[in-house]
Amino acid sequence: MAARSSNSRRARRIRPGDQVYGAVLPPSGTYAEYAIAPEHALAAAPSSLDLVHAAALPTAVLTAWQPLVRVAGLSAGQRVLVHAAAGGVGHLAVQIAKARGAYVIGTARRDKHDFLRELGADELIDYTTTDFTTVARDIDVVLDPISGEYGPRSLRTLTPDGVLLDVRGTGPDRTETREQAQARGLRYVEFGFTPSGDDLREVTDLVERGALRVIVDQVLPLEDAAKAHELSETGRVKGKIVLTVG
């Protein structure tokens, strides 16, 4: 979500007319021309981005930033495996991990490999021809937007102190992953992002320094929201899809 802030007596960091961006959780939602959001969920939008690209960032980038940085405490020299690396969350996770000095391995179709190398990925695995568990080894952090059977398989790539971050949200049953993680003494986190202006200010710094860019695959009108979801579920989208109003 990217917009201009409304007038508010309580506003401290944000003034009327400022261009802001942020994420709003249900039931407020943001599939609308207007939305109400608490100030703490918003930050000044990066000056280098237009509204379309600013709107593409918050939900996806917080879904990548918070688990990698706040939960896993990702640091330089660690090995990170990002599944669906060319997707909305994945392509941002690759860049965040690189910005923190990690060695980044991504799973993606071969036709997305050049794109991911441009974003800084160190090693790429074509999941259509190669079982990633036979290639990825000694992984400190796995970021998984797919879940399902990817969970138990991802556990096999981790170091004893590693962590599997499941950021899928709703979807496949995770019982098997939870049980296997517990049996192996591995850390497994089912993660859902929290709206945070503070985190977005750190993201903005990365954007303005040229260390993070959001790729917009398609821009569709709000009335095509159903089509946007269908496209997203194909797994073939590179970066984000943005809906526009008016």
# chains A, B, ... in the order shown; residues from 1 in each chain; ligands from 1
call {"tool": "select_by_dssp", "arguments": {"residues": "stretch 38-93 of chain A", "states": "helix (DSSP H, G or I)", "output": "VMD selection string"}}
result
chain A and resid 39 to 41 51 to 56 58 to 71 90 to 93
call {"tool": "residues_around", "arguments": {"residues": "A:Ile125", "least_positions_apart": "4", "cutoff": "8 Å", "atoms": "only C-alpha atoms", "output": "ChimeraX atom specification"}}
result
/A:105-110,130,132,135
call {"tool": "write_last_selection", "arguments": {"atoms": "N, CA and C atoms", "output": "short mmCIF file (atom, residue, chain, number, x, y, z; two decimals), in the first residue's frame"}}
result
data_model
loop_
_atom_site.label_atom_id
_atom_site.label_comp_id
_atom_site.auth_asym_id
_atom_site.auth_seq_id
_atom_site.Cartn_x
_atom_site.Cartn_y
_atom_site.Cartn_z
N ILE A 105 21.57 -19.00 -1.80
CA ILE A 105 21.20 -20.05 -2.76
C ILE A 105 19.71 -19.92 -3.00
N GLY A 106 19.29 -19.95 -4.24
CA GLY A 106 17.87 -19.83 -4.55
C GLY A 106 17.37 -20.97 -5.41
N THR A 107 16.11 -21.35 -5.21
CA THR A 107 15.47 -22.31 -6.10
C THR A 107 14.54 -21.54 -7.04
N ALA A 108 14.65 -21.85 -8.32
CA ALA A 108 13.84 -21.16 -9.33
C ALA A 108 14.00 -21.89 -10.66
N ARG A 109 13.03 -21.69 -11.54
CA ARG A 109 13.18 -22.23 -12.90
C ARG A 109 14.38 -21.60 -13.59
N ARG A 110 14.98 -22.35 -14.51
CA ARG A 110 16.21 -21.90 -15.15
C ARG A 110 16.03 -20.55 -15.85
N THR A 130 16.38 -30.61 -10.65
CA THR A 130 17.30 -30.99 -9.57
C THR A 130 16.60 -30.97 -8.22
N PHE A 132 16.65 -30.10 -4.70
CA PHE A 132 17.53 -29.17 -3.97
C PHE A 132 18.22 -29.81 -2.78
N VAL A 135 21.78 -30.84 -3.37
CA VAL A 135 22.75 -29.80 -3.70
C VAL A 135 22.99 -28.86 -2.52
#
call {"tool": "residues_around", "arguments": {"residues": "stretch 145-151 of chain A", "least_positions_apart": "4", "cutoff": "10 Å", "atoms": "only C-alpha atoms", "output": "VMD selection string"}}
result
chain A and resid 63 to 64 82 to 85 87 to 90 132 to 133 155 to 156 164 to 178 180 to 181 188 190 to 191 235
call {"tool": "closest_residue", "arguments": {"among": "A:Asp224, A:Asp138, A:Asp18, A:Glu230", "to": "A:Ser47", "atoms": "only C-alpha atoms"}}
result
A:Asp18
call {"tool": "residues_around", "arguments": {"residues": "A:Gln66", "least_positions_apart": "2", "cutoff": "9 Å", "atoms": "only C-alpha atoms", "output": "list in words"}}
result
Val61, Leu62, Thr63, Ala64, Leu68, Val69, Arg70, Val71, Ala72, Phe191, Gly192, Phe193, Thr194 and Asp199 of chain A
call {"tool": "write_last_selection", "arguments": {"atoms": "N, CA and C atoms", "output": "PDB file, in the first residue's frame"}}
result
ATOM      1  N   VAL A  61       8.039  -7.302   1.421  1.00  0.00           N
ATOM      2  CA  VAL A  61       9.353  -7.051   2.019  1.00  0.00           C
ATOM      3  C   VAL A  61       9.353  -7.322   3.517  1.00  0.00           C
ATOM      4  N   LEU A  62       8.242  -7.045   4.199  1.00  0.00           N
ATOM      5  CA  LEU A  62       8.173  -7.367   5.625  1.00  0.00           C
ATOM      6  C   LEU A  62       8.128  -8.879   5.837  1.00  0.00           C
ATOM      7  N   THR A  63       7.518  -9.596   4.901  1.00  0.00           N
ATOM      8  CA  THR A  63       7.464 -11.054   4.994  1.00  0.00           C
ATOM      9  C   THR A  63       8.849 -11.661   4.811  1.00  0.00           C
ATOM     10  N   ALA A  64       9.735 -10.938   4.159  1.00  0.00           N
ATOM     11  CA  ALA A  64      11.120 -11.389   4.001  1.00  0.00           C
ATOM     12  C   ALA A  64      12.018 -10.821   5.090  1.00  0.00           C
ATOM     13  N   LEU A  68      13.986 -13.004   8.400  1.00  0.00           N
ATOM     14  CA  LEU A  68      15.432 -13.095   8.189  1.00  0.00           C
ATOM     15  C   LEU A  68      16.208 -12.290   9.224  1.00  0.00           C
ATOM     16  N   VAL A  69      15.750 -11.081   9.497  1.00  0.00           N
ATOM     17  CA  VAL A  69      16.492 -10.167  10.361  1.00  0.00           C
ATOM     18  C   VAL A  69      16.068 -10.277  11.815  1.00  0.00           C
ATOM     19  N   ARG A  70      14.770 -10.213  12.087  1.00  0.00           N
ATOM     20  CA  ARG A  70      14.279 -10.197  13.469  1.00  0.00           C
ATOM     21  C   ARG A  70      14.245 -11.576  14.107  1.00  0.00           C
ATOM     22  N   VAL A  71      13.892 -12.598  13.319  1.00  0.00           N
ATOM     23  CA  VAL A  71      13.776 -13.950  13.878  1.00  0.00           C
ATOM     24  C   VAL A  71      15.099 -14.707  13.780  1.00  0.00           C
ATOM     25  N   ALA A  72      15.642 -14.794  12.581  1.00  0.00           N
ATOM     26  CA  ALA A  72      16.872 -15.574  12.381  1.00  0.00           C
ATOM     27  C   ALA A  72      18.129 -14.803  12.763  1.00  0.00           C
ATOM     28  N   PHE A 191       5.856 -18.201  10.267  1.00  0.00           N
ATOM     29  CA  PHE A 191       5.935 -16.758  10.451  1.00  0.00           C
ATOM     30  C   PHE A 191       4.845 -16.001   9.700  1.00  0.00           C
ATOM     31  N   GLY A 192       4.286 -14.995  10.367  1.00  0.00           N
ATOM     32  CA  GLY A 192       3.379 -14.035   9.743  1.00  0.00           C
ATOM     33  C   GLY A 192       3.859 -12.633  10.083  1.00  0.00           C
ATOM     34  N   PHE A 193       3.971 -11.768   9.108  1.00  0.00           N
ATOM     35  CA  PHE A 193       4.562 -10.457   9.351  1.00  0.00           C
ATOM     36  C   PHE A 193       3.665  -9.570  10.213  1.00  0.00           C
ATOM     37  N   THR A 194       4.277  -8.575  10.825  1.00  0.00           N
ATOM     38  CA  THR A 194       3.579  -7.559  11.608  1.00  0.00           C
ATOM     39  C   THR A 194       3.814  -6.205  10.961  1.00  0.00           C
ATOM     40  N   ASP A 199      10.505  -1.054  10.713  1.00  0.00           N
ATOM     41  CA  ASP A 199      11.171  -1.949   9.766  1.00  0.00           C
ATOM     42  C   ASP A 199      11.186  -1.352   8.363  1.00  0.00           C
TER      43      ASP A 199
END
